[in-house]
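What follows is one structure encoded as structure tokens, with my remarks underneath.
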Amino acid sequence: VQNINRETSIYYLLSNNHVNSLISTPFEWEDEEILAYYITFLKSLSLKLNKETVKFFYNERAHHFPLYTEAIKFFNHKDSMVRTSVRTLTLNVFGVSDPSMRHFILSQESRFFTHVATYLVDMWLKMELTINTKSAIEGLGSLPEQ
């Protein structure tokens, strides 16, 4: 996908909806190598997204956008490469100017912003715990000796 330069080749590759079937296929996500290939594949596809190619990935009638919905499942993955690729993909999707796709992204069906909110809450709780732990440790140093 990364090495395809001609638009006709991209259209030919994406035109039969086989890519969406491949994207929606459940794989063994515990295998880090399979996951790395899968996420790299999704990111490569997202780099080819524009107003013309988005129609190959987003089915407006079915409200189905597997490139986006499958990727955001890994938004908070433990591997930083996976997280970074998913965030790159989401930014590529956000950069496409298609009103129906944007409506889908902002709807409850996509759940991206739910993932972001949950992630931010988790980060805030970790920061609060770290600050409280540090304050407690510093406070112990200032206790009077007995």
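We name chains A, B, ... following the order of the structure tokens; residues begin at 1 in each chain, and ligands are numbered from 1 as shown.
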Exercise: range 83-93 of chain A partners within 8 Å, only C-alpha atoms, chain neighbours under 6 positions left out, as a PDB file with N, CA and C atoms, in the first residue's frame:
ATOM      1  N   ILE A  39      -1.637  -2.996  12.438  1.00  0.00           N
ATOM      2  CA  ILE A  39      -1.693  -1.555  12.725  1.00  0.00           C
ATOM      3  C   ILE A  39      -0.930  -0.770  11.664  1.00  0.00           C
ATOM      4  N   THR A  40       0.205  -1.286  11.219  1.00  0.00           N
ATOM      5  CA  THR A  40       0.964  -0.629  10.155  1.00  0.00           C
ATOM      6  C   THR A  40       0.152  -0.592   8.863  1.00  0.00           C
ATOM      7  N   LEU A  42      -3.160  -0.575   8.650  1.00  0.00           N
ATOM      8  CA  LEU A  42      -4.218   0.417   8.822  1.00  0.00           C
ATOM      9  C   LEU A  42      -3.674   1.832   8.664  1.00  0.00           C
ATOM     10  N   LYS A  43      -2.530   2.081   9.260  1.00  0.00           N
ATOM     11  CA  LYS A  43      -1.937   3.417   9.158  1.00  0.00           C
ATOM     12  C   LYS A  43      -1.574   3.729   7.706  1.00  0.00           C
ATOM     13  N   SER A  46      -4.610   4.695   5.912  1.00  0.00           N
ATOM     14  CA  SER A  46      -5.080   6.032   6.307  1.00  0.00           C
ATOM     15  C   SER A  46      -4.265   7.135   5.644  1.00  0.00           C
ATOM     16  N   LEU A  47      -3.016   6.848   5.322  1.00  0.00           N
ATOM     17  CA  LEU A  47      -2.190   7.841   4.642  1.00  0.00           C
ATOM     18  C   LEU A  47      -2.665   8.077   3.208  1.00  0.00           C
ATOM     19  N   LEU A  49      -5.894   8.223   2.513  1.00  0.00           N
ATOM     20  CA  LEU A  49      -7.244   8.780   2.614  1.00  0.00           C
ATOM     21  C   LEU A  49      -7.311  10.197   2.069  1.00  0.00           C
ATOM     22  N   TYR A  68     -11.581   3.061  10.676  1.00  0.00           N
ATOM     23  CA  TYR A  68     -11.589   3.921  11.854  1.00  0.00           C
ATOM     24  C   TYR A  68     -12.003   3.161  13.119  1.00  0.00           C
ATOM     25  N   ALA A  71      -9.451   0.571  14.341  1.00  0.00           N
ATOM     26  CA  ALA A  71      -8.215   1.189  14.834  1.00  0.00           C
ATOM     27  C   ALA A  71      -8.390   1.764  16.227  1.00  0.00           C
ATOM     28  N   ILE A  72      -9.519   2.421  16.486  1.00  0.00           N
ATOM     29  CA  ILE A  72      -9.660   3.073  17.791  1.00  0.00           C
ATOM     30  C   ILE A  72      -9.818   2.074  18.936  1.00  0.00           C
ATOM     31  N   PHE A  74      -7.631   0.120  19.639  1.00  0.00           N
ATOM     32  CA  PHE A  74      -6.261   0.024  20.149  1.00  0.00           C
ATOM     33  C   PHE A  74      -5.736   1.381  20.616  1.00  0.00           C
ATOM     34  N   PHE A  75      -6.639   2.323  20.851  1.00  0.00           N
ATOM     35  CA  PHE A  75      -6.255   3.677  21.240  1.00  0.00           C
ATOM     36  C   PHE A  75      -5.357   3.704  22.472  1.00  0.00           C
ATOM     37  N   ASN A  76      -5.665   2.870  23.438  1.00  0.00           N
ATOM     38  CA  ASN A  76      -4.926   2.877  24.704  1.00  0.00           C
ATOM     39  C   ASN A  76      -4.132   1.588  24.882  1.00  0.00           C
ATOM     40  N   HIS A  77      -3.565   1.072  23.820  1.00  0.00           N
ATOM     41  CA  HIS A  77      -2.800  -0.174  23.869  1.00  0.00           C
ATOM     42  C   HIS A  77      -1.505   0.034  24.647  1.00  0.00           C
TER      43      HIS A  77
END
Residue set, chain A restricted to alpha helix (DSSP H), as a PyMOL selection string: chain A and resi 7-14+18-24+32-47+66-71+80-94+99-106+112-141
Grab the residues selected above and save them as a compact mmCIF listing (two decimals), in the first residue's frame with C-alpha atoms.
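Result saved to out-v2.txt:
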# COMPACT_ATOMS: atom_id res chain seq x y z
CA GLU A 7 -4.37 6.69 -8.25
CA THR A 8 -5.81 4.10 -10.61
CA SER A 9 -3.87 1.40 -8.77
CA ILE A 10 -5.25 2.60 -5.43
CA TYR A 11 -8.79 2.60 -6.81
CA TYR A 12 -8.34 -0.88 -8.22
CA LEU A 13 -6.96 -2.21 -4.92
CA LEU A 14 -9.73 -0.71 -2.81
CA HIS A 18 -12.15 -6.71 0.22
CA VAL A 19 -9.97 -4.38 2.24
CA ASN A 20 -12.84 -3.62 4.62
CA SER A 21 -13.43 -7.35 5.04
CA LEU A 22 -9.75 -7.82 5.84
CA ILE A 23 -9.78 -4.94 8.30
CA SER A 24 -12.85 -6.38 10.07
CA GLU A 32 2.62 -8.80 18.81
CA GLU A 33 3.92 -9.42 15.30
CA ILE A 34 0.44 -9.82 13.82
CA LEU A 35 -0.74 -6.73 15.67
CA ALA A 36 2.24 -4.69 14.44
CA TYR A 37 1.59 -5.69 10.82
CA TYR A 38 -2.13 -5.01 11.18
CA ILE A 39 -1.69 -1.55 12.72
CA THR A 40 0.96 -0.63 10.15
CA PHE A 41 -1.42 -1.74 7.41
CA LEU A 42 -4.22 0.42 8.82
CA LYS A 43 -1.94 3.42 9.16
CA SER A 44 -0.70 2.95 5.57
CA LEU A 45 -4.27 2.90 4.34
CA SER A 46 -5.08 6.03 6.31
CA LEU A 47 -2.19 7.84 4.64
CA PRO A 66 -13.97 -0.34 9.79
CA LEU A 67 -10.70 1.47 9.12
CA TYR A 68 -11.59 3.92 11.85
CA THR A 69 -13.64 1.79 14.26
CA GLU A 70 -11.20 -1.11 14.32
CA ALA A 71 -8.22 1.19 14.83
CA SER A 80 3.57 2.91 22.24
CA MET A 81 4.02 2.15 18.51
CA VAL A 82 0.43 0.93 18.34
CA ARG A 83 -0.88 3.98 20.22
CA THR A 84 1.09 6.36 18.01
CA SER A 85 -0.09 4.67 14.81
CA VAL A 86 -3.71 4.78 15.94
CA ARG A 87 -3.43 8.46 16.79
CA THR A 88 -1.82 9.14 13.40
CA LEU A 89 -4.65 7.26 11.72
CA THR A 90 -7.30 9.22 13.60
CA LEU A 91 -5.66 12.51 12.64
CA ASN A 92 -5.58 11.39 9.00
CA VAL A 93 -9.28 10.55 9.19
CA PHE A 94 -10.09 13.89 10.86
CA PRO A 99 -19.66 15.68 5.97
CA SER A 100 -21.30 12.25 6.37
CA MET A 101 -18.06 10.69 7.63
CA ARG A 102 -17.58 13.54 10.11
CA HIS A 103 -21.12 13.02 11.34
CA PHE A 104 -20.28 9.35 11.91
CA ILE A 105 -17.09 10.25 13.80
CA LEU A 106 -18.96 12.65 16.08
CA PHE A 112 -13.42 7.61 19.88
CA PHE A 113 -14.14 10.50 22.18
CA THR A 114 -15.29 8.07 24.87
CA HIS A 115 -11.86 6.42 24.62
CA VAL A 116 -10.13 9.80 24.82
CA ALA A 117 -12.17 10.84 27.87
CA THR A 118 -11.48 7.54 29.64
CA TYR A 119 -7.78 7.84 28.85
CA LEU A 120 -7.65 11.38 30.21
CA VAL A 121 -9.44 10.34 33.42
CA ASP A 122 -6.96 7.49 33.91
CA MET A 123 -4.02 9.83 33.36
CA TRP A 124 -5.47 12.37 35.78
CA LEU A 125 -5.95 9.71 38.47
CA LYS A 126 -2.36 8.47 38.00
CA MET A 127 -1.05 12.01 38.26
CA GLU A 128 -3.09 12.62 41.39
CA LEU A 129 -1.80 9.40 42.96
CA THR A 130 1.78 10.34 42.08
CA ILE A 131 1.39 13.82 43.58
CA ASN A 132 -0.26 12.46 46.74
CA THR A 133 2.39 9.75 47.12
CA LYS A 134 5.21 12.26 46.67
CA SER A 135 3.59 14.66 49.16
CA ALA A 136 3.19 11.85 51.69
CA ILE A 137 6.82 10.79 51.31
CA GLU A 138 8.05 14.37 51.66
CA GLY A 139 5.77 14.78 54.67
CA LEU A 140 7.36 11.75 56.36
CA GLY A 141 10.75 13.43 56.20
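Computed from the coordinates, the CA of Val54 in chain A to CA of Phe27 in chain A distance equals 23.9 Å.
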Enter the distance from CA of Lys78 in chain A to CA of Glu30 in chain A, in Å, rounded to one decimal.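 Distance reported for this atom pair: 11.5 Å.
One distance worth recording is that between CA of Gly95 in chain A and CA of Asn16 in chain A, which is 24.2 Å.
The residue that comes closest to Phe65 in chain A, out of A:Asn17, A:Ser97, A:Asp31, A:Asn5 and on the basis of only C-alpha atoms, is A:Asn17.
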